[in-house]
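Engineer: Got a structure for you, model.csv, holding CSV, C-alpha atoms and all ligand atoms.
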chain,number,residue,atom,x,y,z
O,1,MET,CA,17.7,29.0,8.0
O,2,ASP,CA,18.6,25.3,8.4
O,3,GLY,CA,16.3,23.7,5.9
O,4,PRO,CA,13.9,24.5,3.0
O,5,ALA,CA,11.3,27.1,3.9
O,6,TRP,CA,8.4,24.7,3.4
O,7,LEU,CA,9.9,22.1,5.7
O,8,ASP,CA,10.4,24.7,8.4
O,9,ALA,CA,6.8,25.9,8.0
O,10,LEU,CA,5.6,22.3,8.4
O,11,GLY,CA,7.5,22.1,11.7
O,12,ALA,CA,5.4,24.9,13.0
O,13,ILE,CA,2.2,23.0,12.4
O,14,GLU,CA,0.8,20.8,15.1
O,15,ASP,CA,0.6,17.1,14.1
O,16,ALA,CA,2.7,17.7,11.0
O,17,PRO,CA,3.8,14.6,9.0
O,18,GLN,CA,7.2,13.1,10.1
O,19,PRO,CA,10.1,13.4,7.6
O,20,LEU,CA,11.5,10.1,6.6
O,21,PRO,CA,14.7,9.5,8.6
O,22,ALA,CA,18.0,8.7,6.9
O,23,PRO,CA,18.0,5.0,5.9
O,24,GLY,CA,19.9,2.3,7.8
O,25,ALA,CA,22.6,0.3,5.9
O,26,HIS,CA,20.1,-2.4,4.8
O,27,ASP,CA,17.0,-0.2,4.3
O,28,TRP,CA,15.3,0.3,0.9
O,29,LEU,CA,16.7,3.8,0.2
O,30,ALA,CA,20.3,2.7,1.1
O,31,ILE,CA,20.0,0.1,-1.7
O,32,HIS,CA,17.8,1.8,-4.2
O,33,GLU,CA,18.3,5.3,-5.7
O,34,GLU,CA,14.9,6.9,-5.8
O,35,ARG,CA,14.3,10.6,-6.2
O,36,GLY,CA,10.6,10.7,-5.2
O,37,GLN,CA,7.4,11.6,-7.1
O,38,THR,CA,5.9,15.1,-6.6
O,39,PHE,CA,2.2,15.7,-7.0
O,40,ASP,CA,2.9,17.4,-10.4
O,41,ASP,CA,5.0,14.3,-11.5
O,42,PHE,CA,2.1,12.1,-10.6
O,43,VAL,CA,-0.5,14.2,-12.4
O,44,ARG,CA,1.7,14.2,-15.6
O,45,SER,CA,1.8,10.4,-15.7
O,46,ALA,CA,-1.4,9.2,-14.0
O,47,VAL,CA,-4.5,8.1,-15.9
O,48,ARG,CA,-7.8,8.6,-14.1
O,49,PRO,CA,-10.1,5.5,-14.2
O,50,HIS,CA,-13.2,5.7,-16.3
O,51,ALA,CA,-16.4,6.4,-14.3
O,52,SER,CA,-17.4,2.7,-14.9
O,53,GLU,CA,-14.1,1.4,-13.4
O,54,ARG,CA,-14.8,1.8,-9.7
O,55,THR,CA,-14.4,-1.7,-8.3
O,56,ILE,CA,-11.4,-3.3,-6.7
O,57,TYR,CA,-11.4,-7.1,-7.2
O,58,ILE,CA,-9.5,-9.1,-4.6
O,59,GLN,CA,-8.6,-12.5,-6.1
O,60,PRO,CA,-7.3,-15.2,-3.8
O,61,VAL,CA,-4.7,-17.3,-5.7
O,62,ASP,CA,-3.6,-20.6,-4.1
O,63,THR,CA,-4.5,-19.5,-0.6
O,64,GLU,CA,-6.2,-22.6,0.7
O,65,GLY,CA,-5.5,-23.0,4.4
O,66,SER,CA,-3.8,-19.6,4.7
O,67,LEU,CA,-6.5,-17.0,4.5
O,68,SER,CA,-10.1,-17.6,5.8
O,69,ASP,CA,-13.2,-16.1,4.2
O,70,THR,CA,-13.5,-13.9,7.3
O,71,CYS,CA,-9.9,-12.7,6.8
O,72,LEU,CA,-10.5,-11.9,3.1
O,73,SER,CA,-13.7,-10.0,3.9
O,74,THR,CA,-11.9,-8.0,6.6
O,75,LEU,CA,-9.2,-7.1,4.1
O,76,ALA,CA,-11.8,-6.1,1.6
O,77,ALA,CA,-13.5,-3.8,4.1
O,78,PHE,CA,-10.1,-2.2,4.8
O,79,ALA,CA,-9.4,-1.7,1.0
O,80,GLY,CA,-12.9,-0.2,0.6
O,81,ALA,CA,-12.3,2.3,3.4
O,82,PHE,CA,-8.8,3.2,2.2
O,83,PHE,CA,-9.6,3.7,-1.4
O,84,GLN,CA,-13.3,4.7,-1.2
O,85,LEU,CA,-14.1,2.2,-3.9
O,86,ALA,CA,-16.4,-0.8,-4.1
O,87,VAL,CA,-14.5,-4.1,-3.3
O,88,ARG,CA,-15.4,-7.6,-4.4
O,89,VAL,CA,-13.7,-10.8,-3.2
O,90,GLN,CA,-13.6,-13.3,-6.1
O,91,PRO,CA,-13.9,-17.1,-5.7
O,92,PRO,CA,-10.5,-18.7,-5.1
O,93,LEU,CA,-8.3,-19.3,-8.1
O,94,VAL,CA,-6.1,-22.5,-8.1
O,95,LEU,CA,-3.2,-22.4,-10.6
O,96,GLU,CA,-1.4,-25.4,-12.0
O,97,ARG,CA,2.0,-25.4,-10.4
O,98,SER,CA,3.5,-26.3,-13.7
O,99,SER,CA,2.1,-23.1,-15.3
O,100,LEU,CA,4.2,-21.0,-12.9
O,101,LEU,CA,7.9,-20.4,-13.2
O,102,SER,CA,9.4,-21.4,-9.9
O,103,ARG,CA,12.7,-21.6,-8.1
O,104,ALA,CA,14.3,-22.0,-4.6
O,105,ALA,CA,14.4,-18.6,-2.8
O,106,PRO,CA,18.1,-17.4,-2.8
O,107,ASP,CA,17.9,-16.2,0.8
O,108,ALA,CA,15.9,-19.2,2.3
O,109,GLY,CA,16.0,-22.1,-0.1
O,110,THR,CA,12.2,-22.4,0.1
O,111,PRO,CA,9.9,-22.6,-3.0
O,112,GLN,CA,9.1,-19.4,-4.8
O,113,VAL,CA,7.1,-18.5,-7.9
O,114,TYR,CA,7.5,-15.7,-10.5
O,115,ALA,CA,5.0,-12.9,-9.7
O,116,GLY,CA,4.8,-12.0,-13.4
O,117,ASP,CA,3.1,-15.3,-14.2
O,118,ILE,CA,0.3,-14.6,-11.7
O,119,LEU,CA,-0.1,-11.0,-12.9
O,120,ALA,CA,-0.5,-12.3,-16.5
O,121,ARG,CA,-3.4,-14.6,-15.3
O,122,LEU,CA,-5.1,-11.8,-13.4
O,123,TYR,CA,-4.8,-9.5,-16.4
O,124,ALA,CA,-6.3,-12.1,-18.7
O,125,GLY,CA,-9.4,-12.4,-16.5
O,126,LYS,CA,-9.8,-8.7,-15.5
O,127,PRO,CA,-13.5,-7.7,-15.4
O,128,ALA,CA,-14.5,-4.7,-17.5
O,129,ASP,CA,-15.6,-2.6,-14.5
O,130,ALA,CA,-12.4,-3.2,-12.5
O,131,PHE,CA,-10.5,-0.3,-11.1
O,132,CYS,CA,-7.9,-3.1,-10.5
O,133,VAL,CA,-7.5,-6.7,-9.7
O,134,LEU,CA,-5.3,-7.6,-6.7
O,135,GLY,CA,-4.2,-11.2,-6.2
O,136,ILE,CA,-3.4,-12.4,-2.8
O,137,THR,CA,-1.4,-15.6,-2.5
O,138,ALA,CA,0.3,-17.9,-0.1
O,139,HIS,CA,3.2,-18.4,-2.6
O,140,ASP,CA,6.4,-16.7,-1.8
O,141,LEU,CA,7.1,-14.4,-4.8
O,142,PHE,CA,10.1,-13.2,-6.8
O,143,PRO,CA,9.6,-10.2,-9.2
O,144,HIS,CA,12.9,-10.6,-11.1
O,145,PRO,CA,15.7,-13.2,-11.3
O,146,ILE,CA,18.1,-11.0,-9.5
O,147,VAL,CA,15.7,-10.1,-6.6
O,148,SER,CA,15.5,-12.4,-3.6
O,149,PHE,CA,11.8,-11.9,-2.9
O,150,ALA,CA,8.9,-9.4,-3.0
O,151,PHE,CA,6.0,-8.8,-0.6
O,152,GLY,CA,4.1,-7.8,-3.7
O,153,GLU,CA,4.3,-6.7,-7.3
O,154,ALA,CA,2.1,-4.4,-9.4
O,155,SER,CA,1.6,-3.0,-12.9
O,156,ALA,CA,0.0,0.4,-13.1
O,157,ALA,CA,-0.3,0.1,-16.9
O,158,CYS,CA,-2.3,-3.2,-16.6
O,159,ARG,CA,-4.0,-2.3,-13.3
O,160,VAL,CA,-3.2,-5.6,-11.7
O,161,GLY,CA,-1.1,-6.6,-8.7
O,162,VAL,CA,-0.4,-9.5,-6.4
O,163,VAL,CA,0.7,-9.6,-2.8
O,164,SER,CA,2.1,-12.6,-0.8
O,165,VAL,CA,1.4,-13.5,2.8
O,166,ALA,CA,4.2,-16.1,2.7
O,167,ARG,CA,6.7,-14.0,4.7
O,168,TYR,CA,4.2,-13.2,7.5
O,169,GLY,CA,4.5,-16.7,8.9
O,170,PRO,CA,7.0,-19.6,9.4
O,171,PRO,CA,9.7,-20.2,8.3
O,172,PHE,CA,10.3,-16.4,7.7
O,173,CYS,CA,8.6,-15.1,10.7
O,174,GLU,CA,7.7,-17.1,13.9
O,175,ASP,CA,4.3,-16.8,15.5
O,176,ALA,CA,5.9,-15.7,18.8
O,177,PRO,CA,3.7,-15.8,21.9
O,178,GLY,CA,2.9,-12.3,23.0
O,179,ARG,CA,2.9,-10.9,19.5
O,180,PRO,CA,-0.1,-8.6,19.1
O,181,PRO,CA,-3.1,-10.4,17.6
O,182,GLY,CA,-3.7,-7.7,15.1
O,183,GLU,CA,-0.2,-7.7,13.6
O,184,ARG,CA,-1.1,-10.1,10.7
O,185,LEU,CA,-4.1,-8.0,9.8
O,186,LYS,CA,-2.0,-4.8,9.8
O,187,ARG,CA,0.8,-6.5,7.7
O,188,CYS,CA,-1.8,-7.7,5.2
O,189,SER,CA,-3.6,-4.3,5.1
O,190,ARG,CA,-0.3,-2.5,4.7
O,191,VAL,CA,0.9,-4.6,1.7
O,192,ILE,CA,-2.5,-4.5,0.1
O,193,ALA,CA,-2.8,-0.7,0.3
O,194,HIS,CA,0.8,-0.3,-0.8
O,195,GLU,CA,0.4,-2.4,-4.0
O,196,ILE,CA,-3.0,-0.9,-4.9
O,197,GLY,CA,-1.2,2.4,-4.4
O,198,HIS,CA,1.4,1.4,-7.0
O,199,ILE,CA,-1.4,0.2,-9.3
O,200,ALA,CA,-3.0,3.7,-8.9
O,201,GLY,CA,0.3,5.2,-10.1
O,202,LEU,CA,1.9,6.2,-6.7
O,203,ALA,CA,5.7,5.7,-6.7
O,204,HIS,CA,7.7,5.1,-3.6
O,205,CYS,CA,7.6,8.0,-1.2
O,206,VAL,CA,10.9,9.5,-0.1
O,207,TYR,CA,9.6,12.6,1.7
O,208,PHE,CA,7.8,11.4,4.8
O,209,ARG,CA,7.1,8.3,6.9
O,210,CYS,CA,4.4,7.0,4.7
O,211,LEU,CA,2.6,3.8,3.6
O,212,MET,CA,4.3,4.3,0.2
O,213,ASN,CA,7.8,4.1,1.6
O,214,GLY,CA,9.8,1.2,0.0
O,215,SER,CA,10.9,-1.7,2.2
O,216,SER,CA,13.5,-4.3,1.8
O,217,SER,CA,12.8,-6.4,4.9
O,218,LEU,CA,9.9,-7.4,7.1
O,219,ALA,CA,11.3,-5.2,9.9
O,220,GLU,CA,11.4,-2.2,7.6
O,221,SER,CA,7.9,-3.0,6.2
O,222,ASP,CA,6.6,-3.1,9.8
O,223,ARG,CA,7.9,0.4,10.5
O,224,ARG,CA,5.8,1.9,7.7
O,225,PRO,CA,2.7,3.6,8.9
O,226,LEU,CA,-0.7,2.4,7.8
O,227,HIS,CA,-1.6,5.8,6.3
O,228,LEU,CA,-0.4,8.0,3.4
O,229,CYS,CA,1.5,11.2,3.8
O,230,PRO,CA,-0.3,14.4,2.7
O,231,ILE,CA,1.4,14.4,-0.7
O,232,ASP,CA,0.3,10.8,-1.6
O,233,LEU,CA,-3.1,11.4,-0.1
O,234,ARG,CA,-3.5,14.3,-2.4
O,235,LYS,CA,-2.5,12.2,-5.4
O,236,LEU,CA,-5.0,9.5,-4.5
O,237,GLN,CA,-7.7,12.0,-3.9
O,238,TRP,CA,-7.0,13.6,-7.3
O,239,LEU,CA,-7.3,10.1,-9.0
O,240,VAL,CA,-10.3,8.7,-7.2
O,241,GLY,CA,-12.1,11.9,-6.3
O,242,PHE,CA,-13.3,10.9,-2.8
O,243,ASP,CA,-14.3,13.2,0.1
O,244,VAL,CA,-11.3,13.3,2.5
O,245,ALA,CA,-13.4,13.6,5.7
O,246,GLU,CA,-15.7,10.7,4.6
O,247,ARG,CA,-12.6,8.6,4.0
O,248,TYR,CA,-11.2,9.2,7.5
O,249,ALA,CA,-14.7,8.4,8.9
O,250,SER,CA,-14.6,5.1,7.0
O,251,LEU,CA,-11.1,4.3,8.2
O,252,HIS,CA,-12.0,5.2,11.8
O,253,GLY,CA,-15.0,2.9,11.7
O,254,PHE,CA,-12.9,0.0,10.2
O,255,TRP,CA,-10.1,0.3,12.8
O,256,ARG,CA,-12.5,0.7,15.7
O,257,ALA,CA,-14.4,-2.5,14.6
O,258,ALA,CA,-11.0,-4.3,14.3
O,259,GLY,CA,-10.1,-3.3,17.9
O,260,GLU,CA,-7.0,-1.4,16.7
O,261,ASP,CA,-7.3,1.6,19.0
O,262,PRO,CA,-4.2,3.5,18.0
O,263,GLU,CA,-5.1,3.4,14.3
O,264,ALA,CA,-8.7,4.3,15.1
O,265,ALA,CA,-7.5,7.2,17.2
O,266,TRP,CA,-5.2,8.5,14.4
O,267,ALA,CA,-8.1,8.4,11.9
O,268,GLU,CA,-10.4,10.1,14.3
O,269,GLN,CA,-7.8,12.9,14.9
O,270,ARG,CA,-7.5,13.4,11.1
O,271,LEU,CA,-11.3,13.4,10.8
O,272,LEU,CA,-11.5,16.2,13.3
O,273,ALA,CA,-8.7,18.1,11.5
O,274,ALA,CA,-10.5,17.6,8.1
O,275,ASN,CA,-13.7,19.0,9.6
O,276,THR,CA,-11.9,22.1,11.0
O,277,VAL,CA,-11.4,25.2,9.0
O,278,PRO,CA,-7.5,25.5,8.7
O,279,PRO,CA,-5.7,28.6,9.9
O,280,ALA,CA,-4.2,30.9,7.2
O,281,MET,CA,-1.0,29.2,5.8
O,282,PRO,CA,2.2,31.1,6.4
O,283,VAL,CA,3.5,33.1,3.5
O,284,LEU,CA,6.4,31.1,2.0
O,285,PHE,CA,7.0,33.0,-1.2
O,286,SER,CA,6.7,36.6,-2.1
O,287,ARG,CA,5.9,37.8,-5.6
B,301,ZN,ZN,6.6,-0.7,-3.4
B,302,ZN,ZN,4.1,9.6,1.0
Could the structure of this file be written out as structure tokens, please?
Ligand SMILES: [Zn+2]
Ligand SMILES: [Zn+2]

Structural biologist:
Amino acid sequence: MDGPAWLDALGAIEDAPQPLPAPGAHDWLAIHEERGQTFDDFVRSAVRPHASERTIYIQPVDTEGSLSDTCLSTLAAFAGAFFQLAVRVQPPLVLERSSLLSRAAPDAGTPQVYAGDILARLYAGKPADAFCVLGITAHDLFPHPIVSFAFGEASAACRVGVVSVARYGPPFCEDAPGRPPGERLKRCSRVIAHEIGHIAGLAHCVYFRCLMNGSSSLAESDRRPLHLCPIDLRKLQWLVGFDVAERYASLHGFWRAAGEDPEAAWAEQRLLAANTVPPAMPVLFSR
């Protein structure tokens, strides 16, 4: 036998999740040593939200001119479908620049602010019924003095997070002609779901190609799928308590309305599978 029994068994299942390939030299797992988080690890550390804490608040922070109201409401609809929770978009928050620790980005020389300062402001104003507050900002962010930049930063203990859209446009990324129109929506959706996943207690995934894979560059981030692997889906379902088929139906409706046919087709396929009685699992262990 070449690999673990459970991995061989997965290979025999049609439409099985894809194992995460070995990292390239500059990929996240070549730089960071991460051992992964099993479902049991998650359950030991995760705290289920109180029944009254069922709303995700999306808080625009210094986004004037970068994200339209339509864009924010589209991202809210995605977050609602993905997490099966109510979502509210808050009025924009404008922060005094002098209240934020800032520096020049080490890799680009462009202005950057300390993500922790934004997280502190979000935590101070967190509503009592919040599952979490997720800031979305046009500032480029750094999470720690020795880290060049971050697409987002989150605190599971405080249930707040912030994502940046700065690296999805010039000077970090040119709006090249011919680039698919939905790419920015998918990038924003991916980072929002990833950071709320961290807030929910999901660590980086090292098992499969998964939305919770770490990424150290925009190219690596773009390679992450827009969905969770079965292990991380099970963790989220344990935490939130949603109906898996209803969630796939919501995601199918969202991606179909957004005109993203491959994502809509994937969700529809999973919905069909979720509504089908599974065949008997192969016996992996004998007693
Ligand atoms: Zn992450
Ligand atoms: Zn995963």

Engineer: Would you kindly return, as number ranges by chain, each protein, DNA or RNA residue with an atom no farther than 8 Å from any atom of region 268-273 of chain O, considering all atoms listed in the file and excluding same-chain residues fewer than 6 positions away?

Structural biologist: O: 245, 248-249, 252

Engineer: Counting all atoms listed in the file, what are the residues of chain O within 12 Å of ligand ZN 301 (chain B), and for each of them which pair of atoms is the nearest and at what distance in Å, to one decimal? Sort the table by chain and rising number, as a Markdown table.

Structural biologist:
| residue | atom | partner | partner_atom | distance |
| --- | --- | --- | --- | --- |
| O:Trp28 | CA | B:ZN301 | ZN | 9.8 |
| O:Leu29 | CA | B:ZN301 | ZN | 11.6 |
| O:His32 | CA | B:ZN301 | ZN | 11.5 |
| O:Glu34 | CA | B:ZN301 | ZN | 11.5 |
| O:Pro143 | CA | B:ZN301 | ZN | 11.5 |
| O:Ala150 | CA | B:ZN301 | ZN | 9.0 |
| O:Phe151 | CA | B:ZN301 | ZN | 8.6 |
| O:Gly152 | CA | B:ZN301 | ZN | 7.5 |
| O:Glu153 | CA | B:ZN301 | ZN | 7.5 |
| O:Ala154 | CA | B:ZN301 | ZN | 8.4 |
| O:Ser155 | CA | B:ZN301 | ZN | 11.0 |
| O:Ala156 | CA | B:ZN301 | ZN | 11.8 |
| O:Gly161 | CA | B:ZN301 | ZN | 11.1 |
| O:Val162 | CA | B:ZN301 | ZN | 11.6 |
| O:Val163 | CA | B:ZN301 | ZN | 10.7 |
| O:Arg190 | CA | B:ZN301 | ZN | 10.8 |
| O:Val191 | CA | B:ZN301 | ZN | 8.6 |
| O:Ile192 | CA | B:ZN301 | ZN | 10.5 |
| O:Ala193 | CA | B:ZN301 | ZN | 10.1 |
| O:His194 | CA | B:ZN301 | ZN | 6.4 |
| O:Glu195 | CA | B:ZN301 | ZN | 6.5 |
| O:Ile196 | CA | B:ZN301 | ZN | 9.7 |
| O:Gly197 | CA | B:ZN301 | ZN | 8.5 |
| O:His198 | CA | B:ZN301 | ZN | 6.7 |
| O:Ile199 | CA | B:ZN301 | ZN | 10.0 |
| O:Ala200 | CA | B:ZN301 | ZN | 11.9 |
| O:Gly201 | CA | B:ZN301 | ZN | 10.9 |
| O:Leu202 | CA | B:ZN301 | ZN | 9.0 |
| O:Ala203 | CA | B:ZN301 | ZN | 7.3 |
| O:His204 | CA | B:ZN301 | ZN | 5.9 |
| O:Cys205 | CA | B:ZN301 | ZN | 9.0 |
| O:Val206 | CA | B:ZN301 | ZN | 11.6 |
| O:Cys210 | CA | B:ZN301 | ZN | 11.4 |
| O:Leu211 | CA | B:ZN301 | ZN | 9.2 |
| O:Met212 | CA | B:ZN301 | ZN | 6.6 |
| O:Asn213 | CA | B:ZN301 | ZN | 7.0 |
| O:Gly214 | CA | B:ZN301 | ZN | 5.0 |
| O:Ser215 | CA | B:ZN301 | ZN | 7.1 |
| O:Ser216 | CA | B:ZN301 | ZN | 9.4 |
| O:Ser217 | CA | B:ZN301 | ZN | 11.8 |
| O:Ser221 | CA | B:ZN301 | ZN | 10.0 |
| O:Arg224 | CA | B:ZN301 | ZN | 11.4 |

Engineer: Could you give me, as an MDAnalysis selection string, the residues within 12 Å of region 88-100 of chain O, counting all atoms listed in the file and dropping anything in the same chain fewer than 4 positions from it?

Structural biologist: chainID O and resid 54:80 111:122 125:127 129:139 141:142

Engineer: Those same residues - C-alpha atoms - I'd like them written as an mmCIF file, in the coordinates of the input.

Structural biologist:
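out-v1.cif was written with the following content:
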data_model
loop_
_atom_site.group_PDB
_atom_site.id
_atom_site.type_symbol
_atom_site.label_atom_id
_atom_site.label_comp_id
_atom_site.auth_asym_id
_atom_site.auth_seq_id
_atom_site.Cartn_x
_atom_site.Cartn_y
_atom_site.Cartn_z
ATOM 1 C CA ARG O 54 -14.800 1.800 -9.700
ATOM 2 C CA THR O 55 -14.400 -1.700 -8.300
ATOM 3 C CA ILE O 56 -11.400 -3.300 -6.700
ATOM 4 C CA TYR O 57 -11.400 -7.100 -7.200
ATOM 5 C CA ILE O 58 -9.500 -9.100 -4.600
ATOM 6 C CA GLN O 59 -8.600 -12.500 -6.100
ATOM 7 C CA PRO O 60 -7.300 -15.200 -3.800
ATOM 8 C CA VAL O 61 -4.700 -17.300 -5.700
ATOM 9 C CA ASP O 62 -3.600 -20.600 -4.100
ATOM 10 C CA THR O 63 -4.500 -19.500 -0.600
ATOM 11 C CA GLU O 64 -6.200 -22.600 0.700
ATOM 12 C CA GLY O 65 -5.500 -23.000 4.400
ATOM 13 C CA SER O 66 -3.800 -19.600 4.700
ATOM 14 C CA LEU O 67 -6.500 -17.000 4.500
ATOM 15 C CA SER O 68 -10.100 -17.600 5.800
ATOM 16 C CA ASP O 69 -13.200 -16.100 4.200
ATOM 17 C CA THR O 70 -13.500 -13.900 7.300
ATOM 18 C CA CYS O 71 -9.900 -12.700 6.800
ATOM 19 C CA LEU O 72 -10.500 -11.900 3.100
ATOM 20 C CA SER O 73 -13.700 -10.000 3.900
ATOM 21 C CA THR O 74 -11.900 -8.000 6.600
ATOM 22 C CA LEU O 75 -9.200 -7.100 4.100
ATOM 23 C CA ALA O 76 -11.800 -6.100 1.600
ATOM 24 C CA ALA O 77 -13.500 -3.800 4.100
ATOM 25 C CA PHE O 78 -10.100 -2.200 4.800
ATOM 26 C CA ALA O 79 -9.400 -1.700 1.000
ATOM 27 C CA GLY O 80 -12.900 -0.200 0.600
ATOM 28 C CA PRO O 111 9.900 -22.600 -3.000
ATOM 29 C CA GLN O 112 9.100 -19.400 -4.800
ATOM 30 C CA VAL O 113 7.100 -18.500 -7.900
ATOM 31 C CA TYR O 114 7.500 -15.700 -10.500
ATOM 32 C CA ALA O 115 5.000 -12.900 -9.700
ATOM 33 C CA GLY O 116 4.800 -12.000 -13.400
ATOM 34 C CA ASP O 117 3.100 -15.300 -14.200
ATOM 35 C CA ILE O 118 0.300 -14.600 -11.700
ATOM 36 C CA LEU O 119 -0.100 -11.000 -12.900
ATOM 37 C CA ALA O 120 -0.500 -12.300 -16.500
ATOM 38 C CA ARG O 121 -3.400 -14.600 -15.300
ATOM 39 C CA LEU O 122 -5.100 -11.800 -13.400
ATOM 40 C CA GLY O 125 -9.400 -12.400 -16.500
ATOM 41 C CA LYS O 126 -9.800 -8.700 -15.500
ATOM 42 C CA PRO O 127 -13.500 -7.700 -15.400
ATOM 43 C CA ASP O 129 -15.600 -2.600 -14.500
ATOM 44 C CA ALA O 130 -12.400 -3.200 -12.500
ATOM 45 C CA PHE O 131 -10.500 -0.300 -11.100
ATOM 46 C CA CYS O 132 -7.900 -3.100 -10.500
ATOM 47 C CA VAL O 133 -7.500 -6.700 -9.700
ATOM 48 C CA LEU O 134 -5.300 -7.600 -6.700
ATOM 49 C CA GLY O 135 -4.200 -11.200 -6.200
ATOM 50 C CA ILE O 136 -3.400 -12.400 -2.800
ATOM 51 C CA THR O 137 -1.400 -15.600 -2.500
ATOM 52 C CA ALA O 138 0.300 -17.900 -0.100
ATOM 53 C CA HIS O 139 3.200 -18.400 -2.600
ATOM 54 C CA LEU O 141 7.100 -14.400 -4.800
ATOM 55 C CA PHE O 142 10.100 -13.200 -6.800
#

Engineer: Just the residues within 8 Å of region 231-243 of chain O, please, counting all atoms listed in the file, with nothing from its chain fewer than 6 positions along; format it as a ChimeraX atom specification.

Structural biologist: /O:38-39,42-43,46-49,83-84,200,202,205,212

Engineer: Nearest residue to Ala219 (chain O) out of O:Arg167, O:Ala157, O:Glu53, O:Trp266, using all atoms listed in the file?

Structural biologist: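 Checking each candidate against Ala219 (chain O), we get O:Arg167 as the closest.
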
Engineer: Provide the CA of Leu228 (chain O) to atom ZN of ligand ZN 302 (chain B) distance in Å, to one decimal place.

Structural biologist: 5.3 Å

Engineer: Between O:Gly182, O:Gly169, O:Gly109, O:Pro230, which has the minimum distance to ligand ZN 302 (chain B) (counting all atoms listed in the file)?

Structural biologist: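 The closest residue to ligand ZN 302 (chain B) is O:Pro230.
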
Engineer: Enter the distance from CA of Glu183 (chain O) to CA of Leu218 (chain O), in Å, rounded to one decimal.

Structural biologist: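 One can read the CA of Glu183 (chain O) to CA of Leu218 (chain O) distance as 12.0 Å.
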
Engineer: So the first atom is CA of Phe172 (chain O) and the second is CA of His227 (chain O); what is the distance between them in Å, to one decimal place?

Structural biologist: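 Computing it gives 25.2 Å between the two atoms.
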
Engineer: Kindly indicate which residue among O:Asn275, O:Thr110, O:Ser148, O:Gln37 lies nearest to ligand ZN 302 (chain B), using all atoms listed in the file for the distances.

Structural biologist: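 When distances to ligand ZN 302 (chain B) are compared using all atoms listed in the file, the smallest one comes from O:Gln37.
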